[in-house]
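So this one's start.txt, compact mmCIF, N, CA, C and O atoms:
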# COMPACT_ATOMS: atom_id res chain seq x y z
N TYR A 29 22.11 18.64 0.46
CA TYR A 29 21.26 17.51 0.76
C TYR A 29 22.09 16.31 1.20
O TYR A 29 21.81 15.68 2.20
N ARG A 30 23.09 16.01 0.42
CA ARG A 30 23.90 14.83 0.71
C ARG A 30 24.57 14.95 2.07
O ARG A 30 24.56 14.01 2.86
N ASP A 31 25.17 16.09 2.36
CA ASP A 31 25.88 16.25 3.63
C ASP A 31 24.92 16.20 4.81
O ASP A 31 25.20 15.55 5.82
N VAL A 32 23.79 16.87 4.71
CA VAL A 32 22.85 16.90 5.85
C VAL A 32 22.23 15.52 6.10
O VAL A 32 21.94 15.19 7.24
N THR A 33 22.05 14.72 5.06
CA THR A 33 21.50 13.38 5.29
C THR A 33 22.56 12.40 5.78
O THR A 33 22.24 11.45 6.47
N GLU A 34 23.81 12.64 5.43
CA GLU A 34 24.89 11.76 5.89
C GLU A 34 25.36 12.12 7.30
O GLU A 34 25.80 11.25 8.04
N GLU A 35 25.28 13.40 7.67
CA GLU A 35 25.72 13.85 8.99
C GLU A 35 24.68 14.78 9.63
O GLU A 35 24.96 15.95 9.88
N PRO A 36 23.48 14.27 9.92
CA PRO A 36 22.42 15.15 10.42
C PRO A 36 22.74 15.82 11.75
O PRO A 36 22.30 16.95 11.98
N ALA A 37 23.50 15.18 12.61
CA ALA A 37 23.81 15.77 13.92
C ALA A 37 24.61 17.06 13.77
O ALA A 37 24.49 17.98 14.59
N LYS A 38 25.39 17.17 12.71
CA LYS A 38 26.20 18.38 12.45
C LYS A 38 25.30 19.59 12.19
O LYS A 38 25.69 20.73 12.43
N TYR A 39 24.08 19.35 11.72
CA TYR A 39 23.16 20.43 11.37
C TYR A 39 22.06 20.65 12.41
O TYR A 39 21.24 21.55 12.25
N ASP A 40 22.03 19.84 13.45
CA ASP A 40 20.98 19.93 14.47
C ASP A 40 20.91 21.34 15.05
O ASP A 40 21.92 21.90 15.47
N GLY A 41 19.71 21.93 15.00
CA GLY A 41 19.50 23.27 15.54
C GLY A 41 19.76 24.41 14.56
O GLY A 41 19.46 25.56 14.86
N LYS A 42 20.30 24.12 13.40
CA LYS A 42 20.60 25.17 12.42
C LYS A 42 19.35 25.51 11.61
O LYS A 42 18.42 24.72 11.52
N THR A 43 19.34 26.69 11.01
CA THR A 43 18.24 27.13 10.16
C THR A 43 18.72 27.16 8.71
O THR A 43 19.84 27.60 8.44
N VAL A 44 17.86 26.66 7.83
CA VAL A 44 18.17 26.64 6.39
C VAL A 44 17.05 27.31 5.61
O VAL A 44 15.92 27.40 6.09
N SER A 45 17.37 27.73 4.40
CA SER A 45 16.37 28.27 3.48
C SER A 45 16.74 27.76 2.09
O SER A 45 17.89 27.87 1.68
N PHE A 46 15.76 27.16 1.40
CA PHE A 46 16.02 26.62 0.07
C PHE A 46 14.73 26.52 -0.72
O PHE A 46 13.64 26.55 -0.18
N LYS A 47 14.89 26.38 -2.04
CA LYS A 47 13.76 26.23 -2.96
C LYS A 47 13.63 24.76 -3.29
O LYS A 47 14.62 24.08 -3.58
N GLY A 48 12.41 24.25 -3.26
CA GLY A 48 12.19 22.85 -3.60
C GLY A 48 10.75 22.62 -4.06
O GLY A 48 9.90 23.50 -3.96
N GLN A 49 10.53 21.41 -4.53
CA GLN A 49 9.18 21.01 -4.93
C GLN A 49 8.49 20.31 -3.76
O GLN A 49 9.14 19.64 -2.95
N VAL A 50 7.18 20.44 -3.71
CA VAL A 50 6.38 19.83 -2.65
C VAL A 50 6.12 18.36 -2.98
O VAL A 50 5.64 18.03 -4.05
N ALA A 51 6.46 17.51 -2.04
CA ALA A 51 6.10 16.09 -2.10
C ALA A 51 5.28 15.81 -0.84
O ALA A 51 5.72 16.11 0.27
N LEU A 52 4.08 15.30 -1.03
CA LEU A 52 3.25 14.96 0.12
C LEU A 52 3.59 13.55 0.58
O LEU A 52 3.88 12.68 -0.24
N LEU A 53 3.57 13.34 1.87
CA LEU A 53 3.95 12.05 2.44
C LEU A 53 2.73 11.16 2.60
O LEU A 53 1.63 11.64 2.89
N ARG A 54 2.91 9.88 2.42
CA ARG A 54 1.80 8.94 2.62
C ARG A 54 1.47 8.82 4.10
O ARG A 54 0.32 8.73 4.48
N ARG A 55 2.50 8.78 4.93
CA ARG A 55 2.31 8.78 6.38
C ARG A 55 2.58 10.19 6.86
O ARG A 55 3.26 10.96 6.20
N ASP A 56 2.12 10.54 8.03
CA ASP A 56 2.33 11.89 8.59
C ASP A 56 1.83 12.98 7.66
O ASP A 56 2.35 14.08 7.63
N LYS A 57 0.82 12.67 6.82
CA LYS A 57 0.43 13.63 5.79
C LYS A 57 -0.35 14.83 6.31
O LYS A 57 -0.50 15.80 5.58
N ASP A 58 -0.86 14.79 7.53
CA ASP A 58 -1.63 15.92 8.02
C ASP A 58 -0.78 17.15 8.29
O ASP A 58 -1.19 18.26 8.00
N ASN A 59 0.39 16.96 8.85
CA ASN A 59 1.21 18.11 9.22
C ASN A 59 2.64 18.02 8.71
O ASN A 59 3.53 18.64 9.27
N MET A 60 2.86 17.23 7.66
CA MET A 60 4.21 17.11 7.12
C MET A 60 4.18 17.02 5.60
O MET A 60 3.22 16.55 5.02
N PHE A 61 5.27 17.47 5.00
CA PHE A 61 5.52 17.26 3.58
C PHE A 61 7.03 17.12 3.42
O PHE A 61 7.77 17.21 4.41
N ALA A 62 7.49 16.87 2.23
CA ALA A 62 8.93 16.72 2.01
C ALA A 62 9.37 17.61 0.85
O ALA A 62 9.26 17.21 -0.31
N PRO A 63 9.83 18.82 1.14
CA PRO A 63 10.34 19.65 0.06
C PRO A 63 11.65 19.08 -0.45
O PRO A 63 12.46 18.55 0.33
N GLY A 64 11.85 19.13 -1.76
CA GLY A 64 13.09 18.59 -2.31
C GLY A 64 13.25 18.90 -3.77
O GLY A 64 12.52 19.71 -4.34
N ARG A 65 14.22 18.21 -4.39
CA ARG A 65 14.54 18.41 -5.79
C ARG A 65 14.79 17.06 -6.44
O ARG A 65 15.17 16.11 -5.78
N PHE A 66 14.64 17.00 -7.75
CA PHE A 66 15.10 15.85 -8.49
C PHE A 66 16.61 16.01 -8.65
O PHE A 66 17.09 17.10 -8.99
N VAL A 67 17.35 14.95 -8.36
CA VAL A 67 18.81 15.01 -8.32
C VAL A 67 19.41 13.96 -9.24
O VAL A 67 18.94 12.82 -9.27
N MET A 68 20.45 14.35 -9.96
CA MET A 68 21.20 13.41 -10.79
C MET A 68 22.64 13.40 -10.28
O MET A 68 23.30 14.43 -10.27
N THR A 69 23.11 12.23 -9.84
CA THR A 69 24.48 12.14 -9.33
C THR A 69 25.46 11.61 -10.37
O THR A 69 26.64 11.83 -10.27
N CYS A 70 24.97 10.87 -11.35
CA CYS A 70 25.86 10.26 -12.33
C CYS A 70 25.35 10.49 -13.75
O CYS A 70 26.00 11.15 -14.55
N CYS A 71 24.21 9.91 -14.04
CA CYS A 71 23.67 9.99 -15.40
C CYS A 71 22.14 10.08 -15.34
O CYS A 71 21.54 9.95 -14.28
N GLU A 72 21.54 10.31 -16.47
CA GLU A 72 20.09 10.50 -16.55
C GLU A 72 19.30 9.34 -15.92
O GLU A 72 18.25 9.55 -15.33
N ASP A 73 19.82 8.13 -16.03
CA ASP A 73 19.12 6.96 -15.49
C ASP A 73 19.02 6.95 -13.96
O ASP A 73 18.19 6.23 -13.40
N ASP A 74 19.86 7.71 -13.27
CA ASP A 74 19.82 7.69 -11.80
C ASP A 74 19.08 8.88 -11.19
O ASP A 74 19.13 9.09 -9.98
N ILE A 75 18.37 9.66 -11.99
CA ILE A 75 17.62 10.81 -11.46
C ILE A 75 16.56 10.30 -10.47
O ILE A 75 15.80 9.39 -10.77
N GLN A 76 16.57 10.92 -9.29
CA GLN A 76 15.57 10.57 -8.28
C GLN A 76 15.22 11.79 -7.45
O GLN A 76 15.99 12.75 -7.37
N PHE A 77 14.03 11.77 -6.84
CA PHE A 77 13.59 12.87 -5.98
C PHE A 77 14.23 12.70 -4.61
O PHE A 77 14.18 11.62 -4.02
N CYS A 78 14.82 13.77 -4.11
CA CYS A 78 15.43 13.77 -2.78
C CYS A 78 14.76 14.86 -1.97
O CYS A 78 14.94 16.04 -2.24
N GLY A 79 13.98 14.46 -0.99
CA GLY A 79 13.28 15.41 -0.14
C GLY A 79 13.60 15.18 1.32
O GLY A 79 14.13 14.13 1.70
N VAL A 80 13.29 16.17 2.13
CA VAL A 80 13.53 16.11 3.57
C VAL A 80 12.18 16.29 4.27
O VAL A 80 11.46 17.25 3.98
N PRO A 81 11.83 15.38 5.20
CA PRO A 81 10.55 15.55 5.89
C PRO A 81 10.50 16.88 6.64
O PRO A 81 11.48 17.28 7.27
N CYS A 82 9.36 17.55 6.54
CA CYS A 82 9.22 18.89 7.13
C CYS A 82 7.87 19.02 7.82
O CYS A 82 6.83 18.79 7.21
N ARG A 83 7.91 19.39 9.09
CA ARG A 83 6.68 19.67 9.83
C ARG A 83 6.16 21.05 9.41
O ARG A 83 6.91 22.03 9.40
N TYR A 84 4.89 21.08 9.05
CA TYR A 84 4.28 22.35 8.63
C TYR A 84 2.78 22.21 8.82
O TYR A 84 2.15 21.34 8.21
N GLU A 85 2.20 23.05 9.65
CA GLU A 85 0.78 22.90 10.02
C GLU A 85 -0.17 23.04 8.83
O GLU A 85 -1.29 22.53 8.87
N LYS A 86 0.26 23.67 7.75
CA LYS A 86 -0.60 23.83 6.58
C LYS A 86 -0.16 22.91 5.43
O LYS A 86 -0.44 23.18 4.27
N ALA A 87 0.51 21.81 5.74
CA ALA A 87 1.05 20.92 4.71
C ALA A 87 -0.02 20.41 3.76
O ALA A 87 0.21 20.34 2.54
N LYS A 88 -1.19 20.07 4.27
CA LYS A 88 -2.20 19.52 3.37
C LYS A 88 -2.81 20.56 2.44
O LYS A 88 -3.50 20.21 1.49
N GLU A 89 -2.51 21.84 2.63
CA GLU A 89 -2.97 22.88 1.73
C GLU A 89 -2.02 23.07 0.53
O GLU A 89 -2.35 23.76 -0.42
N LEU A 90 -0.85 22.45 0.59
CA LEU A 90 0.14 22.60 -0.47
C LEU A 90 -0.22 21.74 -1.68
O LEU A 90 -0.75 20.64 -1.53
N GLU A 91 0.09 22.24 -2.85
CA GLU A 91 -0.17 21.53 -4.10
C GLU A 91 1.04 20.65 -4.42
O GLU A 91 2.16 21.14 -4.49
N PRO A 92 0.83 19.33 -4.60
CA PRO A 92 1.96 18.46 -4.95
C PRO A 92 2.70 18.96 -6.18
O PRO A 92 2.10 19.44 -7.13
N ARG A 93 4.02 18.89 -6.12
CA ARG A 93 4.95 19.27 -7.19
C ARG A 93 5.02 20.78 -7.43
O ARG A 93 5.71 21.23 -8.34
N SER A 94 4.31 21.57 -6.63
CA SER A 94 4.46 23.02 -6.73
C SER A 94 5.82 23.40 -6.11
O SER A 94 6.39 22.64 -5.33
N TRP A 95 6.31 24.55 -6.48
CA TRP A 95 7.60 25.03 -5.97
C TRP A 95 7.37 25.97 -4.80
O TRP A 95 6.48 26.82 -4.83
N VAL A 96 8.20 25.80 -3.77
CA VAL A 96 8.13 26.64 -2.57
C VAL A 96 9.54 26.99 -2.10
O VAL A 96 10.50 26.27 -2.38
N THR A 97 9.64 28.10 -1.42
CA THR A 97 10.86 28.43 -0.69
C THR A 97 10.57 28.15 0.77
O THR A 97 9.59 28.66 1.33
N VAL A 98 11.39 27.29 1.36
CA VAL A 98 11.20 26.85 2.74
C VAL A 98 12.31 27.41 3.61
O VAL A 98 13.49 27.31 3.27
N THR A 99 11.94 28.01 4.73
CA THR A 99 12.89 28.37 5.78
C THR A 99 12.50 27.51 6.96
O THR A 99 11.32 27.48 7.36
N ALA A 100 13.46 26.76 7.50
CA ALA A 100 13.14 25.79 8.54
C ALA A 100 14.34 25.53 9.43
O ALA A 100 15.49 25.73 9.03
N THR A 101 14.06 25.06 10.64
CA THR A 101 15.12 24.59 11.53
C THR A 101 15.27 23.08 11.33
O THR A 101 14.31 22.39 10.98
N ILE A 102 16.47 22.60 11.54
CA ILE A 102 16.78 21.19 11.36
C ILE A 102 16.92 20.51 12.72
O ILE A 102 17.58 21.05 13.62
N GLN A 103 16.30 19.34 12.84
CA GLN A 103 16.49 18.49 14.01
C GLN A 103 16.99 17.13 13.49
O GLN A 103 16.45 16.62 12.50
N ALA A 104 17.97 16.57 14.15
CA ALA A 104 18.45 15.23 13.82
C ALA A 104 17.60 14.25 14.62
O ALA A 104 17.63 14.24 15.84
N GLU A 105 16.78 13.47 13.92
CA GLU A 105 15.91 12.51 14.60
C GLU A 105 15.55 11.35 13.68
O GLU A 105 15.80 11.40 12.49
N LYS A 106 14.96 10.33 14.25
CA LYS A 106 14.55 9.18 13.46
C LYS A 106 13.22 9.48 12.77
O LYS A 106 12.35 10.11 13.35
N HIS A 107 13.10 9.01 11.52
CA HIS A 107 11.86 9.20 10.77
C HIS A 107 11.70 8.01 9.83
O HIS A 107 12.70 7.43 9.37
N VAL A 108 10.47 7.65 9.52
CA VAL A 108 10.19 6.50 8.67
C VAL A 108 10.88 6.62 7.30
O VAL A 108 11.27 5.61 6.72
N LEU A 109 11.05 7.82 6.78
CA LEU A 109 11.74 7.98 5.50
C LEU A 109 13.20 7.53 5.56
O LEU A 109 13.80 7.22 4.55
N TYR A 110 13.76 7.52 6.75
CA TYR A 110 15.14 7.10 6.93
C TYR A 110 15.22 5.66 7.45
O TYR A 110 16.24 5.24 7.97
N GLN A 111 14.14 4.94 7.34
CA GLN A 111 14.05 3.53 7.73
C GLN A 111 14.56 3.31 9.15
O GLN A 111 15.34 2.40 9.41
N GLY A 112 14.13 4.18 10.05
CA GLY A 112 14.47 4.05 11.46
C GLY A 112 15.83 4.62 11.85
O GLY A 112 16.19 4.61 13.01
N GLU A 113 16.56 5.13 10.89
CA GLU A 113 17.88 5.72 11.16
C GLU A 113 17.73 7.22 11.44
O GLU A 113 16.71 7.83 11.13
N LEU A 114 18.78 7.81 12.01
CA LEU A 114 18.81 9.24 12.29
C LEU A 114 18.95 10.00 10.98
O LEU A 114 19.74 9.63 10.12
N GLY A 115 18.15 11.06 10.85
CA GLY A 115 18.21 11.89 9.65
C GLY A 115 17.68 13.28 9.94
O GLY A 115 17.16 13.54 11.02
N PRO A 116 17.80 14.20 8.99
CA PRO A 116 17.30 15.55 9.20
C PRO A 116 15.77 15.60 9.09
O PRO A 116 15.20 15.03 8.16
N VAL A 117 15.15 16.27 10.04
CA VAL A 117 13.72 16.55 9.99
C VAL A 117 13.57 18.05 10.19
O VAL A 117 14.12 18.62 11.13
N LEU A 118 12.86 18.69 9.28
CA LEU A 118 12.70 20.14 9.32
C LEU A 118 11.44 20.54 10.07
O LEU A 118 10.45 19.81 10.06
N THR A 119 11.48 21.71 10.67
CA THR A 119 10.29 22.36 11.22
C THR A 119 10.20 23.72 10.53
O THR A 119 11.10 24.56 10.69
N ALA A 120 9.16 23.90 9.74
CA ALA A 120 9.03 25.11 8.92
C ALA A 120 8.85 26.36 9.78
O ALA A 120 8.05 26.38 10.71
N VAL A 121 9.59 27.38 9.42
CA VAL A 121 9.42 28.71 9.98
C VAL A 121 8.57 29.51 8.99
O VAL A 121 7.70 30.27 9.38
N ALA A 122 8.83 29.28 7.68
CA ALA A 122 8.07 29.94 6.61
C ALA A 122 8.08 29.05 5.37
O ALA A 122 9.09 28.42 5.07
N VAL A 123 6.95 29.01 4.68
CA VAL A 123 6.82 28.31 3.40
C VAL A 123 6.11 29.27 2.46
O VAL A 123 4.98 29.67 2.73
N GLN A 124 6.81 29.65 1.38
CA GLN A 124 6.25 30.64 0.46
C GLN A 124 6.29 30.09 -0.97
O GLN A 124 7.24 29.40 -1.34
N PRO A 125 5.27 30.41 -1.78
CA PRO A 125 5.28 29.99 -3.18
C PRO A 125 6.53 30.52 -3.88
O PRO A 125 7.03 31.60 -3.54
N ALA A 126 7.04 29.76 -4.85
CA ALA A 126 8.25 30.17 -5.57
C ALA A 126 8.13 29.82 -7.04
O ALA A 126 7.35 28.94 -7.42
N GLU A 127 8.90 30.49 -7.86
CA GLU A 127 9.02 30.16 -9.27
C GLU A 127 9.83 28.87 -9.39
O GLU A 127 10.71 28.62 -8.57
N PRO A 128 9.58 28.07 -10.41
CA PRO A 128 10.36 26.84 -10.60
C PRO A 128 11.85 27.12 -10.72
O PRO A 128 12.26 28.14 -11.29
N ALA A 129 12.65 26.23 -10.19
CA ALA A 129 14.11 26.34 -10.30
C ALA A 129 14.53 26.01 -11.73
O ALA A 129 13.89 25.21 -12.40
N GLN A 130 15.58 26.64 -12.18
CA GLN A 130 16.15 26.37 -13.50
C GLN A 130 17.61 26.01 -13.33
O GLN A 130 18.35 26.80 -12.77
N PRO A 131 18.07 24.86 -13.70
CA PRO A 131 17.30 23.75 -14.25
C PRO A 131 16.49 23.07 -13.15
O PRO A 131 16.75 23.27 -11.96
N ASP A 132 15.53 22.26 -13.55
CA ASP A 132 14.67 21.63 -12.54
C ASP A 132 15.30 20.37 -11.95
O ASP A 132 14.80 19.83 -10.98
N VAL A 133 16.42 19.89 -12.50
CA VAL A 133 17.14 18.76 -11.94
C VAL A 133 18.49 19.27 -11.44
O VAL A 133 19.24 19.88 -12.17
N ALA A 134 18.78 19.02 -10.16
CA ALA A 134 20.05 19.42 -9.58
C ALA A 134 21.09 18.34 -9.85
O ALA A 134 20.76 17.16 -9.87
N THR A 135 22.32 18.74 -10.05
CA THR A 135 23.39 17.78 -10.28
C THR A 135 24.51 18.02 -9.26
O THR A 135 24.69 19.13 -8.78
N PHE A 136 25.19 16.92 -8.94
CA PHE A 136 26.40 17.05 -8.10
C PHE A 136 27.23 15.81 -8.20
O PHE A 136 26.85 14.84 -8.80

Please express what this file holds, its structure, as structure tokens.
Amino acid sequence: YRDVTEEPAKYDGKTVSFKGQVALLRRDKDNMFAPGRFVMTCCEDDIQFCGVPCRYEKAKELEPRSWVTVTATIQAEKHVLYQGELGPVLTAVAVQPAEPAQPDVATF
């Protein structure tokens, strides 16, 4: 997550597959969601959700906070989640229900 958000052009055109929780977006909510994980970089106080915007035609059918395995291509482009800056935006190839990750908070 950290590398792709810091250097999105390096990943442009690549395909990824990962397990994450569904976060629905306030904007672009008809055909987008943000799969991601809760991440802790230092200590418990800094835990935050880190998701990547993803185009998916059935996004509004997804249950918030449910777990999915996403296979998607990455495009480096501007999106409101990146406050007008270049960042990774996914286009889903497949979105499948998944069992919750253990542990549910990723660390790095």

Exercise for the section: May I ask which of the residues A:Val96, A:Val32, A:Leu90, A:Ala62 is the closest one to Pro128 in chain A, counting all atoms listed in the file? Expected result: A:Val96

Exercise for the section: Go through A:Trp95, A:Thr101, A:Tyr39, A:Tyr29 one by one, measure the shortest atom-to-atom distance of each to Gly79 in chain A using only N, CA, C and O atoms, and give the residue with the smallest value. Expected result: A:Tyr29

Exercise for the section: Calculate how many Å separate CA of Val98 in chain A from CA of Asp31 in chain A, rounding to one decimal. Expected result: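 According to the coordinates, CA of Val98 in chain A and CA of Asp31 in chain A are separated by 18.1 Å.
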
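Counting from atom N of His107 in chain A, the distance to atom O of Met60 in chain A is 14.0 Å.
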
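Every protein, DNA or RNA residue with an atom at most 7 Å from Lys86 in chain A, where only N, CA, C and O atoms count and chain neighbours fewer than 2 positions away do not, is listed here: A:Asp58, A:Asn59, A:Met60, A:Arg83, A:Tyr84, A:Lys88, A:Glu89, A:Leu90.
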
Exercise for the section: Find the residues near Ser45 in chain A: any atom within 7 Å, counting only N, CA, C and O atoms, skip ones fewer than 2 places away on the same chain, and give them as a list in words. Expected result: Thr43, Lys47, Thr97, Val98, Thr99 and Ala100 of chain A

Problem - Best match for closeness to Glu35 in chain A among A:Pro92, A:Gly48, A:Pro81, A:Gly115, counting only C-alpha atoms - result: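 Of the candidates, the smallest distance to Glu35 in chain A is held by A:Gly115.
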
Exercise for the section: Calculate how many Å separate CA of Glu34 in chain A from CA of Asp74 in chain A, rounding to one decimal. Expected result: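 Pair CA of Glu34 in chain A / CA of Asp74 in chain A returns 18.8 Å.
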
Practice task
Among the residues of chain A, find those DSSP assigns to helix (DSSP H, G or I) from the backbone and print them as a ChimeraX atom specification.
Solution key: /A:30-34,36-39,72-74,87-89,108-110

Enclose the full set of atoms of range 90-93 of chain A listed in the file within a box whose edges lie along x, y and z, apply 5 Å of padding to each of the six sides, and report centre and edge lengths in Å to one decimal as AutoDock Vina command-line options.
--center_x 2.4 --center_y 20.5 --center_z -3.9 --size_x 16.6 --size_y 14.1 --size_z 18.9

Practice task
Compare A:Val123, A:Arg30, A:Arg55, A:Asp40 by their minimum atom-to-atom distance to Val67 in chain A, counting only C-alpha atoms, and give me the closest one.
Solution key: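 Answer, going by the shortest atom-to-atom distance: A:Arg30.
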
Handout entry: Using all atoms listed in the file: which of A:Ala134, A:Ala87, A:Cys82, A:Leu53 has the shortest distance to Thr119 in chain A
Key =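 Among the listed residues, A:Cys82 lies closest to Thr119 in chain A.
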
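Among the candidates A:Met68, A:Glu85, A:Val117, A:Ala122, the residue lying nearest to Gln103 in chain A is A:Val117 (atoms considered: all atoms listed in the file).
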